Amino acid sequence: GESVGLHLPTLSVQEGDNSIINCAYSNSASDYFIWYKQESGKGPQFIIDIRSNMDKRQGQRVTVLLNKTVKHLSLQIAATQPGDSAVYFCADREMIKAAGNKLTFGGGTRVLVKP
Amino acid sequence: EAQVTQNPRYLITVTGKKLTVTCSQNMNHEYMSWYRQDPGLGLRQIYYSMNVEVTDKGDVPEGYKVSRKEKRNFPLILESPSPNQTSLYFCASSPIRHSPYGYTFGSGTRLTVV
């Protein structure tokens, strides 16, 4: 598959441990924050989102935390598995009346799960 | 199966030779968008479309054109490709209103301009 980024920050995690991926954003007008997972050779795939008026949301094995005070977003993956190895992107969404949903993506973090 | 389909997956071309990358979605989404992905720069929006015959520039539109004659199709056109357009391209679609699933992305097109 294609390499999506040769200079990405990388998080190495032991299989079964928890992973925490961090992201900073700058747009105060964003109403949703979204995490995407991108496996080699594939397009980004939606994982979970959180509305701007929330500070925590849980999914299956994933939790997203939002701290609007410091404009910080994090994704926690519980009991990381080999299939979690991928590049993870955060994105913030702003609903612009004339432009629809505008997503602005972060640079991505590569997660490597060690057996 | 709900999906966004891009073609081709891989393309090598020469400088100046016009090319088109096709994108089609089967979800009746109003909103479609093109992104390019480069190492260290993440995903950057090239063009987007709110609906048929409604398109507008994203953050990096120079050297690209798009059209939206039908709701399902949103081709990306490079009239005169240059080496700095070598990149990984993604098409995405979503409903206009917030979707709980964000955008749906295609599998990508790896373009190399020599």
# chains A, B, ... in the order shown; residues from 1 in each chain; ligands from 1
call {"tool": "residues_around", "arguments": {"residues": "segment 86-97 of chain B", "least_positions_apart": "5", "cutoff": "8 Å", "atoms": "only C-alpha atoms", "output": "PyMOL selection string"}}
result
(chain A and resi 4+43+100-101) or (chain B and resi 4+6+23+25+28-38+50+102-113)
call {"tool": "write_last_selection", "arguments": {"atoms": "C-alpha atoms", "output": "mmCIF file, in the first residue's frame"}}
result
data_model
loop_
_atom_site.group_PDB
_atom_site.id
_atom_site.type_symbol
_atom_site.label_atom_id
_atom_site.label_comp_id
_atom_site.auth_asym_id
_atom_site.auth_seq_id
_atom_site.Cartn_x
_atom_site.Cartn_y
_atom_site.Cartn_z
ATOM 1 C CA VAL A 4 0.603 8.330 3.671
ATOM 2 C CA GLY A 43 -8.951 6.256 2.433
ATOM 3 C CA GLY A 100 -21.326 23.308 3.780
ATOM 4 C CA ASN A 101 -19.274 21.091 6.005
ATOM 5 C CA VAL B 4 -17.191 6.476 -2.976
ATOM 6 C CA GLN B 6 -12.353 6.741 -7.547
ATOM 7 C CA CYS B 23 -15.237 10.118 -8.467
ATOM 8 C CA GLN B 25 -20.830 8.105 -4.900
ATOM 9 C CA ASN B 28 -27.220 10.515 -2.821
ATOM 10 C CA HIS B 29 -24.956 12.901 -0.928
ATOM 11 C CA GLU B 30 -25.199 16.578 -1.777
ATOM 12 C CA TYR B 31 -21.683 17.480 -0.670
ATOM 13 C CA MET B 32 -18.549 16.241 -2.426
ATOM 14 C CA SER B 33 -14.953 17.283 -2.041
ATOM 15 C CA TRP B 34 -11.444 16.587 -3.307
ATOM 16 C CA TYR B 35 -8.391 16.420 -1.057
ATOM 17 C CA ARG B 36 -4.735 15.893 -1.695
ATOM 18 C CA GLN B 37 -2.513 14.220 0.842
ATOM 19 C CA ASP B 38 1.199 14.930 1.053
ATOM 20 C CA MET B 50 -22.526 21.740 -2.364
ATOM 21 C CA GLY B 102 -18.546 12.458 8.814
ATOM 22 C CA TYR B 103 -17.268 12.159 5.300
ATOM 23 C CA THR B 104 -17.086 8.931 3.324
ATOM 24 C CA PHE B 105 -13.777 8.741 1.498
ATOM 25 C CA GLY B 106 -12.754 6.924 -1.624
ATOM 26 C CA SER B 107 -9.736 4.618 -1.673
ATOM 27 C CA GLY B 108 -7.445 7.211 -3.208
ATOM 28 C CA THR B 109 -5.630 7.882 -6.471
ATOM 29 C CA ARG B 110 -1.843 7.921 -6.478
ATOM 30 C CA LEU B 111 -0.767 10.371 -9.163
ATOM 31 C CA THR B 112 2.808 10.753 -10.347
ATOM 32 C CA VAL B 113 3.682 13.519 -12.814
#
call {"tool": "residues_around", "arguments": {"residues": "Tyr88 of chain A", "least_positions_apart": "4", "cutoff": "6 Å", "atoms": "only C-alpha atoms", "output": "ChimeraX atom specification"}}
result
/A:36-37,108-109
call {"tool": "atom_distance", "arguments": {"atom1": "atom CA of Cys23 of chain A", "atom2": "atom CA of Lys68 of chain A"}}
result
11.9 Å
call {"tool": "select_by_dssp", "arguments": {"residues": "segment 11-115 of chain A", "states": "strand (DSSP E)", "output": "number ranges by chain"}}
result
A: 11-14, 19-24, 32-38, 45-51, 56-58, 62-67, 72-77, 86-96, 100-105, 109-114
call {"tool": "residues_around", "arguments": {"residues": "Gly16 of chain B", "least_positions_apart": "6", "cutoff": "10 Å", "atoms": "only C-alpha atoms", "output": "ChimeraX atom specification"}}
result
/B:78-83,113-114
call {"tool": "write_last_selection", "arguments": {"atoms": "N, CA, C and O atoms", "output": "PDB file, in the first residue's frame"}}
result
ATOM      1  N   LEU B  78      -7.046  17.895 -14.260  1.00  0.00           N
ATOM      2  CA  LEU B  78      -5.760  18.594 -14.284  1.00  0.00           C
ATOM      3  C   LEU B  78      -5.480  18.920 -15.742  1.00  0.00           C
ATOM      4  O   LEU B  78      -5.147  18.046 -16.533  1.00  0.00           O
ATOM      5  N   GLU B  79      -5.656  20.188 -16.109  1.00  0.00           N
ATOM      6  CA  GLU B  79      -5.530  20.592 -17.520  1.00  0.00           C
ATOM      7  C   GLU B  79      -4.089  20.461 -18.007  1.00  0.00           C
ATOM      8  O   GLU B  79      -3.834  20.036 -19.125  1.00  0.00           O
ATOM      9  N   SER B  80      -3.143  20.825 -17.175  1.00  0.00           N
ATOM     10  CA  SER B  80      -1.735  20.763 -17.543  1.00  0.00           C
ATOM     11  C   SER B  80      -0.928  20.354 -16.311  1.00  0.00           C
ATOM     12  O   SER B  80      -0.344  21.208 -15.626  1.00  0.00           O
ATOM     13  N   PRO B  81      -0.907  19.067 -16.023  1.00  0.00           N
ATOM     14  CA  PRO B  81      -0.271  18.596 -14.782  1.00  0.00           C
ATOM     15  C   PRO B  81       1.209  18.985 -14.694  1.00  0.00           C
ATOM     16  O   PRO B  81       1.931  19.009 -15.705  1.00  0.00           O
ATOM     17  N   SER B  82       1.641  19.252 -13.481  1.00  0.00           N
ATOM     18  CA  SER B  82       3.046  19.545 -13.234  1.00  0.00           C
ATOM     19  C   SER B  82       3.558  18.634 -12.123  1.00  0.00           C
ATOM     20  O   SER B  82       2.754  18.075 -11.363  1.00  0.00           O
ATOM     21  N   PRO B  83       4.862  18.457 -12.008  1.00  0.00           N
ATOM     22  CA  PRO B  83       5.408  17.544 -10.994  1.00  0.00           C
ATOM     23  C   PRO B  83       4.965  17.864  -9.559  1.00  0.00           C
ATOM     24  O   PRO B  83       4.862  16.952  -8.736  1.00  0.00           O
ATOM     25  N   VAL B 113       3.472  12.712 -11.605  1.00  0.00           N
ATOM     26  CA  VAL B 113       3.682  13.519 -12.814  1.00  0.00           C
ATOM     27  C   VAL B 113       5.190  13.644 -13.035  1.00  0.00           C
ATOM     28  O   VAL B 113       5.911  14.147 -12.168  1.00  0.00           O
ATOM     29  N   VAL B 114       5.641  13.170 -14.194  1.00  0.00           N
ATOM     30  CA  VAL B 114       7.094  13.176 -14.455  1.00  0.00           C
ATOM     31  C   VAL B 114       7.441  14.202 -15.540  1.00  0.00           C
ATOM     32  O   VAL B 114       6.568  14.676 -16.263  1.00  0.00           O
TER      33      VAL B 114
END
call {"tool": "atom_distance", "arguments": {"atom1": "atom CA of Gly59 of chain A", "atom2": "atom CA of Asp92 of chain A"}}
result
18.4 Å
call {"tool": "atom_distance", "arguments": {"atom1": "atom CA of Lys56 of chain A", "atom2": "atom CA of Arg44 of chain B"}}
result
27.2 Å
